[in-house]
file work_19.cif (mmCIF, C-alpha atoms)
data_work
loop_
_atom_site.group_PDB
_atom_site.id
_atom_site.type_symbol
_atom_site.label_atom_id
_atom_site.label_comp_id
_atom_site.auth_asym_id
_atom_site.auth_seq_id
_atom_site.Cartn_x
_atom_site.Cartn_y
_atom_site.Cartn_z
ATOM 1 C CA MET A 19 116.679 89.855 104.299
ATOM 2 C CA LYS A 20 113.737 91.003 106.370
ATOM 3 C CA PRO A 21 110.296 90.555 104.770
ATOM 4 C CA ALA A 22 108.536 93.640 103.427
ATOM 5 C CA ARG A 23 106.089 95.313 105.786
ATOM 6 C CA PRO A 24 103.744 98.240 105.134
ATOM 7 C CA LEU A 25 104.518 101.535 106.796
ATOM 8 C CA SER A 26 102.322 102.315 109.757
ATOM 9 C CA PRO A 27 100.531 105.703 109.583
ATOM 10 C CA ARG A 28 102.631 106.933 112.524
ATOM 11 C CA LEU A 29 105.961 105.957 110.958
ATOM 12 C CA LYS A 30 104.912 107.375 107.600
ATOM 13 C CA LEU A 31 104.042 110.668 109.253
ATOM 14 C CA VAL A 32 107.462 110.755 110.927
ATOM 15 C CA LEU A 33 109.212 110.030 107.625
ATOM 16 C CA ASP A 34 107.146 112.644 105.804
ATOM 17 C CA VAL A 35 107.356 115.506 108.286
ATOM 18 C CA GLY A 36 110.548 114.631 110.172
ATOM 19 C CA PRO A 37 112.978 116.096 107.601
ATOM 20 C CA LEU A 38 111.089 119.405 107.623
ATOM 21 C CA VAL A 39 111.150 119.530 111.417
ATOM 22 C CA LEU A 40 114.903 118.886 111.343
ATOM 23 C CA PHE A 41 115.332 121.582 108.688
ATOM 24 C CA PHE A 42 113.469 124.079 110.865
ATOM 25 C CA ALA A 43 115.454 123.171 113.985
ATOM 26 C CA ALA A 44 118.812 123.294 112.204
ATOM 27 C CA TYR A 45 117.931 126.668 110.707
ATOM 28 C CA ALA A 46 117.025 128.072 114.129
ATOM 29 C CA TRP A 47 120.385 127.018 115.563
ATOM 30 C CA PHE A 48 122.856 127.144 112.688
ATOM 31 C CA GLY A 49 121.351 129.006 109.720
ATOM 32 C CA ILE A 50 120.094 128.178 106.245
ATOM 33 C CA PHE A 51 123.152 126.361 104.890
ATOM 34 C CA ALA A 52 123.495 123.968 107.820
ATOM 35 C CA ALA A 53 119.742 123.430 107.652
ATOM 36 C CA THR A 54 120.024 122.592 103.954
ATOM 37 C CA ALA A 55 122.711 119.984 104.640
ATOM 38 C CA ALA A 56 120.662 118.478 107.483
ATOM 39 C CA PHE A 57 117.577 118.405 105.256
ATOM 40 C CA MET A 58 119.440 116.566 102.504
ATOM 41 C CA ILE A 59 120.676 113.924 104.935
ATOM 42 C CA ALA A 60 117.248 113.545 106.554
ATOM 43 C CA VAL A 61 115.441 113.113 103.222
ATOM 44 C CA VAL A 62 117.842 110.371 102.127
ATOM 45 C CA ALA A 63 117.603 108.710 105.550
ATOM 46 C CA ALA A 64 113.791 108.761 105.395
ATOM 47 C CA LEU A 65 113.905 107.209 101.929
ATOM 48 C CA LEU A 66 116.222 104.437 103.123
ATOM 49 C CA VAL A 67 114.116 103.715 106.216
ATOM 50 C CA GLY A 68 111.049 103.455 104.008
ATOM 51 C CA PHE A 69 112.836 101.025 101.704
ATOM 52 C CA MET A 70 114.121 98.892 104.582
ATOM 53 C CA ARG A 71 110.568 98.608 105.844
ATOM 54 C CA THR A 72 108.662 98.059 102.585
ATOM 55 C CA ARG A 73 111.405 96.796 100.249
ATOM 56 C CA ARG A 74 110.080 99.224 97.644
ATOM 57 C CA TRP A 75 111.309 102.509 96.165
ATOM 58 C CA PRO A 76 108.237 104.781 95.913
ATOM 59 C CA ILE A 77 108.400 107.097 92.932
ATOM 60 C CA MET A 78 107.373 110.392 94.526
ATOM 61 C CA PRO A 79 109.840 110.314 97.445
ATOM 62 C CA MET A 80 112.624 109.165 95.105
ATOM 63 C CA VAL A 81 112.092 112.002 92.647
ATOM 64 C CA SER A 82 111.703 114.491 95.484
ATOM 65 C CA ALA A 83 114.903 113.269 97.136
ATOM 66 C CA PHE A 84 116.783 113.654 93.845
ATOM 67 C CA ILE A 85 115.598 117.255 93.482
ATOM 68 C CA VAL A 86 116.489 117.960 97.111
ATOM 69 C CA LEU A 87 120.014 116.652 96.564
ATOM 70 C CA VAL A 88 120.497 118.618 93.340
ATOM 71 C CA PHE A 89 119.178 121.963 94.578
ATOM 72 C CA GLY A 90 120.521 121.467 98.081
ATOM 73 C CA GLY A 91 123.925 120.696 96.623
ATOM 74 C CA LEU A 92 123.800 123.842 94.479
ATOM 75 C CA THR A 93 122.849 125.841 97.562
ATOM 76 C CA LEU A 94 125.870 124.588 99.474
ATOM 77 C CA VAL A 95 128.408 124.645 96.652
ATOM 78 C CA LEU A 96 127.458 128.110 95.383
ATOM 79 C CA HIS A 97 126.558 129.385 98.851
ATOM 80 C CA ASP A 98 123.307 130.758 97.433
ATOM 81 C CA GLU A 99 120.076 130.122 99.326
ATOM 82 C CA THR A 100 118.001 130.887 96.225
ATOM 83 C CA PHE A 101 118.336 127.284 95.055
ATOM 84 C CA ILE A 102 116.870 125.722 98.195
ATOM 85 C CA LYS A 103 114.060 128.289 98.139
ATOM 86 C CA VAL A 104 113.072 127.587 94.546
ATOM 87 C CA LYS A 105 113.246 123.803 95.044
ATOM 88 C CA PRO A 106 109.644 123.458 96.351
ATOM 89 C CA THR A 107 108.407 125.319 93.287
ATOM 90 C CA ILE A 108 110.193 122.832 91.024
ATOM 91 C CA ILE A 109 108.751 119.867 92.912
ATOM 92 C CA TYR A 110 105.197 121.223 92.946
ATOM 93 C CA VAL A 111 105.273 122.134 89.260
ATOM 94 C CA LEU A 112 106.768 118.748 88.381
ATOM 95 C CA PHE A 113 104.092 116.723 90.132
ATOM 96 C CA GLY A 114 101.301 119.005 88.950
ATOM 97 C CA THR A 115 102.540 118.595 85.377
ATOM 98 C CA VAL A 116 102.810 114.815 85.724
ATOM 99 C CA LEU A 117 99.196 114.662 86.868
ATOM 100 C CA MET A 118 98.019 116.903 84.030
ATOM 101 C CA VAL A 119 99.891 114.803 81.464
ATOM 102 C CA GLY A 120 98.247 111.723 82.932
ATOM 103 C CA LEU A 121 94.842 113.347 82.539
ATOM 104 C CA ALA A 122 95.620 114.289 78.938
ATOM 105 C CA PHE A 123 96.487 110.680 78.109
ATOM 106 C CA ASP A 124 93.722 109.236 80.307
ATOM 107 C CA LYS A 125 96.237 107.519 82.602
ATOM 108 C CA PRO A 126 95.603 107.318 86.393
ATOM 109 C CA LEU A 127 99.063 108.551 87.354
ATOM 110 C CA LEU A 128 97.831 109.811 90.726
ATOM 111 C CA ALA A 129 97.960 106.301 92.191
ATOM 112 C CA MET A 130 101.553 105.906 91.034
ATOM 113 C CA VAL A 131 102.636 109.350 92.224
ATOM 114 C CA PHE A 132 101.112 108.982 95.674
ATOM 115 C CA ASP A 133 101.790 105.262 96.122
ATOM 116 C CA SER A 134 98.092 105.055 96.942
ATOM 117 C CA VAL A 135 96.451 102.490 99.194
ATOM 118 C CA PHE A 136 92.911 103.074 97.966
ATOM 119 C CA ASP A 137 91.002 102.181 94.819
ATOM 120 C CA LEU A 138 88.770 104.527 92.849
ATOM 121 C CA THR A 139 86.726 104.451 89.677
ATOM 122 C CA ASP A 140 88.220 105.998 86.556
ATOM 123 C CA GLU A 141 86.069 109.094 87.044
ATOM 124 C CA GLY A 142 87.213 109.333 90.635
ATOM 125 C CA TRP A 143 90.875 109.154 89.655
ATOM 126 C CA ARG A 144 90.391 111.874 87.026
ATOM 127 C CA LYS A 145 88.644 114.240 89.422
ATOM 128 C CA LEU A 146 91.126 113.639 92.216
ATOM 129 C CA ALA A 147 94.095 114.050 89.870
ATOM 130 C CA ALA A 148 92.706 117.349 88.557
ATOM 131 C CA ARG A 149 92.235 118.635 92.107
ATOM 132 C CA TRP A 150 95.729 117.650 93.212
ATOM 133 C CA ALA A 151 97.292 119.092 90.070
ATOM 134 C CA ALA A 152 95.565 122.426 90.710
ATOM 135 C CA PHE A 153 96.644 122.296 94.362
ATOM 136 C CA PHE A 154 100.272 121.630 93.445
ATOM 137 C CA PHE A 155 100.318 124.533 91.004
ATOM 138 C CA ALA A 156 98.767 126.779 93.657
ATOM 139 C CA LEU A 157 101.495 125.758 96.126
ATOM 140 C CA ALA A 158 104.149 126.511 93.513
ATOM 141 C CA VAL A 159 102.766 130.020 93.042
ATOM 142 C CA LEU A 160 102.493 130.477 96.801
ATOM 143 C CA ASN A 161 106.104 129.414 97.350
ATOM 144 C CA GLU A 162 107.297 131.843 94.691
ATOM 145 C CA LEU A 163 105.353 134.696 96.252
ATOM 146 C CA ILE A 164 106.681 133.955 99.725
ATOM 147 C CA TRP A 165 110.375 133.496 99.033
ATOM 148 C CA ARG A 166 110.488 136.465 96.670
ATOM 149 C CA THR A 167 108.654 138.885 98.973
ATOM 150 C CA GLN A 168 109.370 137.664 102.513
ATOM 151 C CA SER A 169 112.450 137.072 104.627
ATOM 152 C CA THR A 170 114.270 133.751 104.765
ATOM 153 C CA ASP A 171 113.101 133.358 108.357
ATOM 154 C CA PHE A 172 109.455 133.682 107.311
ATOM 155 C CA TRP A 173 109.929 131.276 104.385
ATOM 156 C CA VAL A 174 111.506 128.600 106.594
ATOM 157 C CA LYS A 175 108.672 128.858 109.114
ATOM 158 C CA PHE A 176 106.047 128.667 106.375
ATOM 159 C CA LYS A 177 107.591 125.476 104.998
ATOM 160 C CA LEU A 178 106.686 123.689 108.227
ATOM 161 C CA PHE A 179 103.744 125.641 109.596
ATOM 162 C CA GLY A 180 102.164 126.619 106.273
ATOM 163 C CA PHE A 181 102.680 124.027 103.561
ATOM 164 C CA VAL A 182 102.309 120.996 105.853
ATOM 165 C CA PRO A 183 98.940 122.009 107.407
ATOM 166 C CA LEU A 184 97.631 123.155 104.018
ATOM 167 C CA THR A 185 98.462 119.787 102.479
ATOM 168 C CA PHE A 186 96.889 117.802 105.311
ATOM 169 C CA ILE A 187 93.748 119.932 105.185
ATOM 170 C CA PHE A 188 93.470 119.594 101.415
ATOM 171 C CA ALA A 189 93.996 115.818 101.604
ATOM 172 C CA ALA A 190 91.286 115.510 104.269
ATOM 173 C CA LEU A 191 88.860 117.540 102.142
ATOM 174 C CA GLN A 192 89.185 114.941 99.359
ATOM 175 C CA TYR A 193 87.668 112.207 101.535
ATOM 176 C CA PRO A 194 84.045 112.770 100.375
ATOM 177 C CA LEU A 195 85.104 112.540 96.734
ATOM 178 C CA MET A 196 87.083 109.374 97.438
ATOM 179 C CA MET A 197 84.067 107.800 99.112
ATOM 180 C CA ARG A 198 81.693 108.760 96.289
ATOM 181 C CA HIS A 199 83.996 107.290 93.672
ATOM 182 C CA ALA A 200 85.423 104.295 95.536
ATOM 183 C CA ALA A 201 85.545 101.267 93.239
ATOM 184 C CA PRO A 202 83.002 98.624 94.355
ATOM 185 C CA HIS A 203 85.677 96.052 95.155
ATOM 186 C CA GLY A 204 87.860 98.663 96.842
ATOM 187 C CA ALA A 205 85.320 100.636 98.844
ATOM 188 C CA ALA A 206 86.074 98.826 102.079
ATOM 189 C CA THR A 207 89.800 99.278 101.598
ATOM 190 C CA ALA A 208 89.367 102.958 100.832
ATOM 191 C CA ASN A 209 87.368 103.520 103.996
ATOM 192 C CA LYS A 210 89.774 101.532 106.181
ATOM 193 C CA ASP A 211 92.946 103.146 104.863
ATOM 194 C CA ASN A 212 91.788 106.737 104.463
ATOM 195 C CA SER A 213 94.170 108.010 107.132
ATOM 196 C CA GLU A 214 97.074 106.239 105.443
ATOM 197 C CA ALA A 215 96.083 107.776 102.102
ATOM 198 C CA ALA A 216 96.059 111.278 103.534
ATOM 199 C CA SER A 217 99.459 110.663 105.092
ATOM 200 C CA SER A 218 100.788 109.312 101.795
ATOM 201 C CA GLU A 219 99.514 112.340 99.906
ATOM 202 C CA SER A 220 101.137 114.634 102.425
ATOM 203 C CA GLY A 221 104.462 113.097 101.439
ATOM 204 C CA SER A 222 104.821 115.888 98.936
ATOM 205 C CA THR A 223 105.558 118.149 101.852
ATOM 206 C CA ARG A 224 108.431 116.123 103.124
ATOM 207 C CA SER A 225 110.691 117.205 100.302
ATOM 208 C CA SER A 226 109.164 120.546 99.569
#

call {"tool": "encode", "arguments": {"input": "work_19.cif", "output": "structure tokens"}}
result
Amino acid sequence: MKPARPLSPRLKLVLDVGPLVLFFAAYAWFGIFAATAAFMIAVVAALLVGFMRTRRWPIMPMVSAFIVLVFGGLTLVLHDETFIKVKPTIIYVLFGTVLMVGLAFDKPLLAMVFDSVFDLTDEGWRKLAARWAAFFFALAVLNELIWRTQSTDFWVKFKLFGFVPLTFIFAALQYPLMMRHAAPHGAATANKDNSEAASSESGSTRSS
């Protein structure tokens, strides 16, 4: 068995965004149902590649992959694209709720959800979790508005060219807060691995 190795920022970006790119390409050539099947395969493949590299099963990608398989399967079996469209809403609401529950019980669930590579103070974790929870809920509302009011073509394009940039921008905007609340023993690590953290946080888009 090969020893565990951390994912490089470049590989992590490919694993996070690659399935969405494949979904977009398959939709352009073959339509929504073929794109859904390709997306399901790509998400599972990305999860397996990540495991082969790190020898770990990260929680967020695993849960996201499960939801993709369930709603993607319903889309294909029932031949109803509504299921694949509502899937991002389910994922965003789920992770937003998990973060809010963690805040209610004073548990830093953000580190577990994002498989984080940085270390913050308790106050920092609470503030960051509250921000990400609000962001996830906002994305859920945005997804609902788009798929219910716009064409399938527009929704597919927004998945790649809307949700992905928004998530990267939001993650980058959290850098000042992360630096202000970096734990003393983890400040150097937080500064060194900031790009990896942003990439990890953007993993929510891979299965959205």

call {"tool": "atom_distance", "arguments": {"input": "work_19.cif", "atom1": "CA of Leu138 in chain A", "atom2": "CA of Arg71 in chain A"}}
result
26.1 Å

call {"tool": "resolve_selection", "arguments": {"input": "work_19.cif", "expression": "the PyMOL selection byres ((chain A and resi 168-172) around 9)", "output": "JSON, numbers by chain"}}
result
{"A": [45, 46, 50, 99, 103, 163, 164, 165, 166, 167, 173, 174, 175, 176, 177]}

call {"tool": "closest_residue", "arguments": {"input": "work_19.cif", "among": "A:Phe186, A:Phe181, A:Phe48, A:Phe123", "to": "Pro106 in chain A", "atoms": "all atoms listed in the file"}}
result
A:Phe181

call {"tool": "residues_around", "arguments": {"input": "work_19.cif", "residues": "Gly120 in chain A", "least_positions_apart": "4", "cutoff": "12 Å", "atoms": "all atoms listed in the file", "output": "PyMOL selection string"}}
result
chain A and resi 113-116+124-131+143-148+151

call {"tool": "atom_distance", "arguments": {"input": "work_19.cif", "atom1": "CA of Leu117 in chain A", "atom2": "CA of Asp140 in chain A"}}
result
14.0 Å

call {"tool": "atom_distance", "arguments": {"input": "work_19.cif", "atom1": "CA of Glu162 in chain A", "atom2": "CA of Ala60 in chain A"}}
result
24.0 Å

call {"tool": "axis_aligned_box", "arguments": {"input": "work_19.cif", "around": "range 179-190 of chain A", "padding_each_side": "8 Å", "output": "AutoDock Vina command-line options"}}
result
--center_x 97.5 --center_y 121.1 --center_z 105.5 --size_x 28.5 --size_y 27.1 --size_z 24.2

call {"tool": "closest_residue", "arguments": {"input": "work_19.cif", "among": "A:Val39, A:Arg198, A:Val119, A:Leu33", "to": "Leu66 in chain A", "atoms": "all atoms listed in the file"}}
result
A:Leu33

call {"tool": "closest_residue", "arguments": {"input": "work_19.cif", "among": "A:Leu94, A:Leu112, A:Val81, A:Ala152", "to": "Val62 in chain A", "atoms": "all atoms listed in the file"}}
result
A:Val81

call {"tool": "closest_residue", "arguments": {"input": "work_19.cif", "among": "A:Leu92, A:Ile187, A:Met196, A:Ala63", "to": "Met80 in chain A", "atoms": "only C-alpha atoms"}}
result
A:Ala63

call {"tool": "resolve_selection", "arguments": {"input": "work_19.cif", "expression": "the PyMOL selection byres ((chain A and resi 86-91) around 10)", "output": "number ranges by chain"}}
result
A: 51, 53-59, 61-62, 80-85, 92-106, 108-109, 225-226

call {"tool": "residues_around", "arguments": {"input": "work_19.cif", "residues": "Gly68 in chain A", "least_positions_apart": "2", "cutoff": "10 Å", "atoms": "all atoms listed in the file", "output": "list of chain:residue names"}}
result
A:Arg23, A:Pro24, A:Leu25, A:Leu29, A:Lys30, A:Leu33, A:Val62, A:Ala63, A:Ala64, A:Leu65, A:Leu66, A:Met70, A:Arg71, A:Thr72, A:Arg73, A:Arg74, A:Trp75, A:Pro76, A:Pro79

call {"tool": "closest_residue", "arguments": {"input": "work_19.cif", "among": "A:Leu178, A:Leu157, A:Leu184, A:Leu121", "to": "Leu40 in chain A", "atoms": "all atoms listed in the file"}}
result
A:Leu178

call {"tool": "closest_residue", "arguments": {"input": "work_19.cif", "among": "A:Trp150, A:Val182, A:Phe69, A:Met118", "to": "Leu31 in chain A", "atoms": "only C-alpha atoms"}}
result
A:Val182

call {"tool": "build_atoms", "arguments": {"input": "work_19.cif", "residues": "range 103-114 of chain A", "atoms": "all heavy atoms", "output": "PDB file, in the coordinates of the input"}}
result
ATOM      1  N   LYS A 103     115.367 127.640  98.077  1.00  0.00           N
ATOM      2  CA  LYS A 103     114.060 128.289  98.139  1.00  0.00           C
ATOM      3  C   LYS A 103     113.202 127.968  96.916  1.00  0.00           C
ATOM      4  O   LYS A 103     111.977 127.853  97.026  1.00  0.00           O
ATOM      5  CB  LYS A 103     114.229 129.809  98.266  1.00  0.00           C
ATOM      6  CG  LYS A 103     114.766 130.267  99.611  1.00  0.00           C
ATOM      7  CD  LYS A 103     114.908 131.777  99.654  1.00  0.00           C
ATOM      8  CE  LYS A 103     115.362 132.262 101.013  1.00  0.00           C
ATOM      9  NZ  LYS A 103     115.540 133.740 101.057  1.00  0.00           N
ATOM     10  N   VAL A 104     113.825 127.854  95.764  1.00  0.00           N
ATOM     11  CA  VAL A 104     113.072 127.587  94.546  1.00  0.00           C
ATOM     12  C   VAL A 104     112.764 126.100  94.383  1.00  0.00           C
ATOM     13  O   VAL A 104     111.907 125.715  93.588  1.00  0.00           O
ATOM     14  CB  VAL A 104     113.824 128.120  93.305  1.00  0.00           C
ATOM     15  CG1 VAL A 104     114.940 127.174  92.887  1.00  0.00           C
ATOM     16  CG2 VAL A 104     112.860 128.357  92.152  1.00  0.00           C
ATOM     17  N   LYS A 105     113.442 125.255  95.155  1.00  0.00           N
ATOM     18  CA  LYS A 105     113.246 123.803  95.044  1.00  0.00           C
ATOM     19  C   LYS A 105     111.793 123.371  95.222  1.00  0.00           C
ATOM     20  O   LYS A 105     111.289 122.567  94.421  1.00  0.00           O
ATOM     21  CB  LYS A 105     114.133 123.080  96.045  1.00  0.00           C
ATOM     22  CG  LYS A 105     113.850 121.582  96.154  1.00  0.00           C
ATOM     23  CD  LYS A 105     114.473 120.975  97.372  1.00  0.00           C
ATOM     24  CE  LYS A 105     114.039 121.632  98.652  1.00  0.00           C
ATOM     25  NZ  LYS A 105     112.601 121.407  98.957  1.00  0.00           N
ATOM     26  N   PRO A 106     111.052 123.871  96.235  1.00  0.00           N
ATOM     27  CA  PRO A 106     109.644 123.458  96.351  1.00  0.00           C
ATOM     28  C   PRO A 106     108.830 123.796  95.111  1.00  0.00           C
ATOM     29  O   PRO A 106     107.953 123.019  94.709  1.00  0.00           O
ATOM     30  CB  PRO A 106     109.152 124.238  97.573  1.00  0.00           C
ATOM     31  CG  PRO A 106     110.378 124.514  98.368  1.00  0.00           C
ATOM     32  CD  PRO A 106     111.459 124.740  97.345  1.00  0.00           C
ATOM     33  N   THR A 107     109.121 124.946  94.505  1.00  0.00           N
ATOM     34  CA  THR A 107     108.407 125.319  93.287  1.00  0.00           C
ATOM     35  C   THR A 107     108.625 124.280  92.201  1.00  0.00           C
ATOM     36  O   THR A 107     107.673 123.865  91.524  1.00  0.00           O
ATOM     37  CB  THR A 107     108.891 126.693  92.783  1.00  0.00           C
ATOM     38  OG1 THR A 107     108.670 127.676  93.796  1.00  0.00           O
ATOM     39  CG2 THR A 107     108.131 127.097  91.525  1.00  0.00           C
ATOM     40  N   ILE A 108     109.869 123.837  92.038  1.00  0.00           N
ATOM     41  CA  ILE A 108     110.193 122.832  91.024  1.00  0.00           C
ATOM     42  C   ILE A 108     109.434 121.537  91.303  1.00  0.00           C
ATOM     43  O   ILE A 108     108.856 120.925  90.396  1.00  0.00           O
ATOM     44  CB  ILE A 108     111.706 122.557  90.993  1.00  0.00           C
ATOM     45  CG1 ILE A 108     112.478 123.843  90.681  1.00  0.00           C
ATOM     46  CG2 ILE A 108     112.024 121.473  89.964  1.00  0.00           C
ATOM     47  CD1 ILE A 108     112.151 124.466  89.360  1.00  0.00           C
ATOM     48  N   ILE A 109     109.424 121.115  92.558  1.00  0.00           N
ATOM     49  CA  ILE A 109     108.751 119.867  92.912  1.00  0.00           C
ATOM     50  C   ILE A 109     107.249 119.972  92.671  1.00  0.00           C
ATOM     51  O   ILE A 109     106.633 119.077  92.076  1.00  0.00           O
ATOM     52  CB  ILE A 109     109.034 119.505  94.381  1.00  0.00           C
ATOM     53  CG1 ILE A 109     110.504 119.100  94.547  1.00  0.00           C
ATOM     54  CG2 ILE A 109     108.125 118.370  94.856  1.00  0.00           C
ATOM     55  CD1 ILE A 109     110.896 118.775  95.963  1.00  0.00           C
ATOM     56  N   TYR A 110     106.643 121.066  93.120  1.00  0.00           N
ATOM     57  CA  TYR A 110     105.197 121.223  92.946  1.00  0.00           C
ATOM     58  C   TYR A 110     104.808 121.293  91.469  1.00  0.00           C
ATOM     59  O   TYR A 110     103.827 120.667  91.045  1.00  0.00           O
ATOM     60  CB  TYR A 110     104.721 122.481  93.669  1.00  0.00           C
ATOM     61  CG  TYR A 110     104.819 122.405  95.170  1.00  0.00           C
ATOM     62  CD1 TYR A 110     105.256 123.506  95.914  1.00  0.00           C
ATOM     63  CD2 TYR A 110     104.465 121.248  95.861  1.00  0.00           C
ATOM     64  CE1 TYR A 110     105.346 123.438  97.298  1.00  0.00           C
ATOM     65  CE2 TYR A 110     104.562 121.178  97.237  1.00  0.00           C
ATOM     66  CZ  TYR A 110     105.002 122.277  97.952  1.00  0.00           C
ATOM     67  OH  TYR A 110     105.091 122.218  99.318  1.00  0.00           O
ATOM     68  N   VAL A 111     105.573 122.044  90.689  1.00  0.00           N
ATOM     69  CA  VAL A 111     105.273 122.134  89.260  1.00  0.00           C
ATOM     70  C   VAL A 111     105.461 120.786  88.581  1.00  0.00           C
ATOM     71  O   VAL A 111     104.662 120.386  87.725  1.00  0.00           O
ATOM     72  CB  VAL A 111     106.164 123.201  88.589  1.00  0.00           C
ATOM     73  CG1 VAL A 111     106.059 123.122  87.065  1.00  0.00           C
ATOM     74  CG2 VAL A 111     105.769 124.592  89.059  1.00  0.00           C
ATOM     75  N   LEU A 112     106.499 120.056  88.972  1.00  0.00           N
ATOM     76  CA  LEU A 112     106.768 118.748  88.381  1.00  0.00           C
ATOM     77  C   LEU A 112     105.607 117.791  88.609  1.00  0.00           C
ATOM     78  O   LEU A 112     105.098 117.182  87.654  1.00  0.00           O
ATOM     79  CB  LEU A 112     108.050 118.164  88.969  1.00  0.00           C
ATOM     80  CG  LEU A 112     108.378 116.723  88.547  1.00  0.00           C
ATOM     81  CD1 LEU A 112     108.596 116.643  87.052  1.00  0.00           C
ATOM     82  CD2 LEU A 112     109.599 116.213  89.305  1.00  0.00           C
ATOM     83  N   PHE A 113     105.158 117.666  89.853  1.00  0.00           N
ATOM     84  CA  PHE A 113     104.092 116.723  90.132  1.00  0.00           C
ATOM     85  C   PHE A 113     102.753 117.191  89.575  1.00  0.00           C
ATOM     86  O   PHE A 113     101.940 116.373  89.131  1.00  0.00           O
ATOM     87  CB  PHE A 113     103.998 116.450  91.635  1.00  0.00           C
ATOM     88  CG  PHE A 113     105.106 115.565  92.133  1.00  0.00           C
ATOM     89  CD1 PHE A 113     106.083 116.058  92.966  1.00  0.00           C
ATOM     90  CD2 PHE A 113     105.194 114.249  91.737  1.00  0.00           C
ATOM     91  CE1 PHE A 113     107.121 115.256  93.400  1.00  0.00           C
ATOM     92  CE2 PHE A 113     106.218 113.422  92.164  1.00  0.00           C
ATOM     93  CZ  PHE A 113     107.196 113.933  93.005  1.00  0.00           C
ATOM     94  N   GLY A 114     102.514 118.501  89.578  1.00  0.00           N
ATOM     95  CA  GLY A 114     101.301 119.005  88.950  1.00  0.00           C
ATOM     96  C   GLY A 114     101.290 118.699  87.465  1.00  0.00           C
ATOM     97  O   GLY A 114     100.267 118.296  86.896  1.00  0.00           O
TER      98      GLY A 114
END
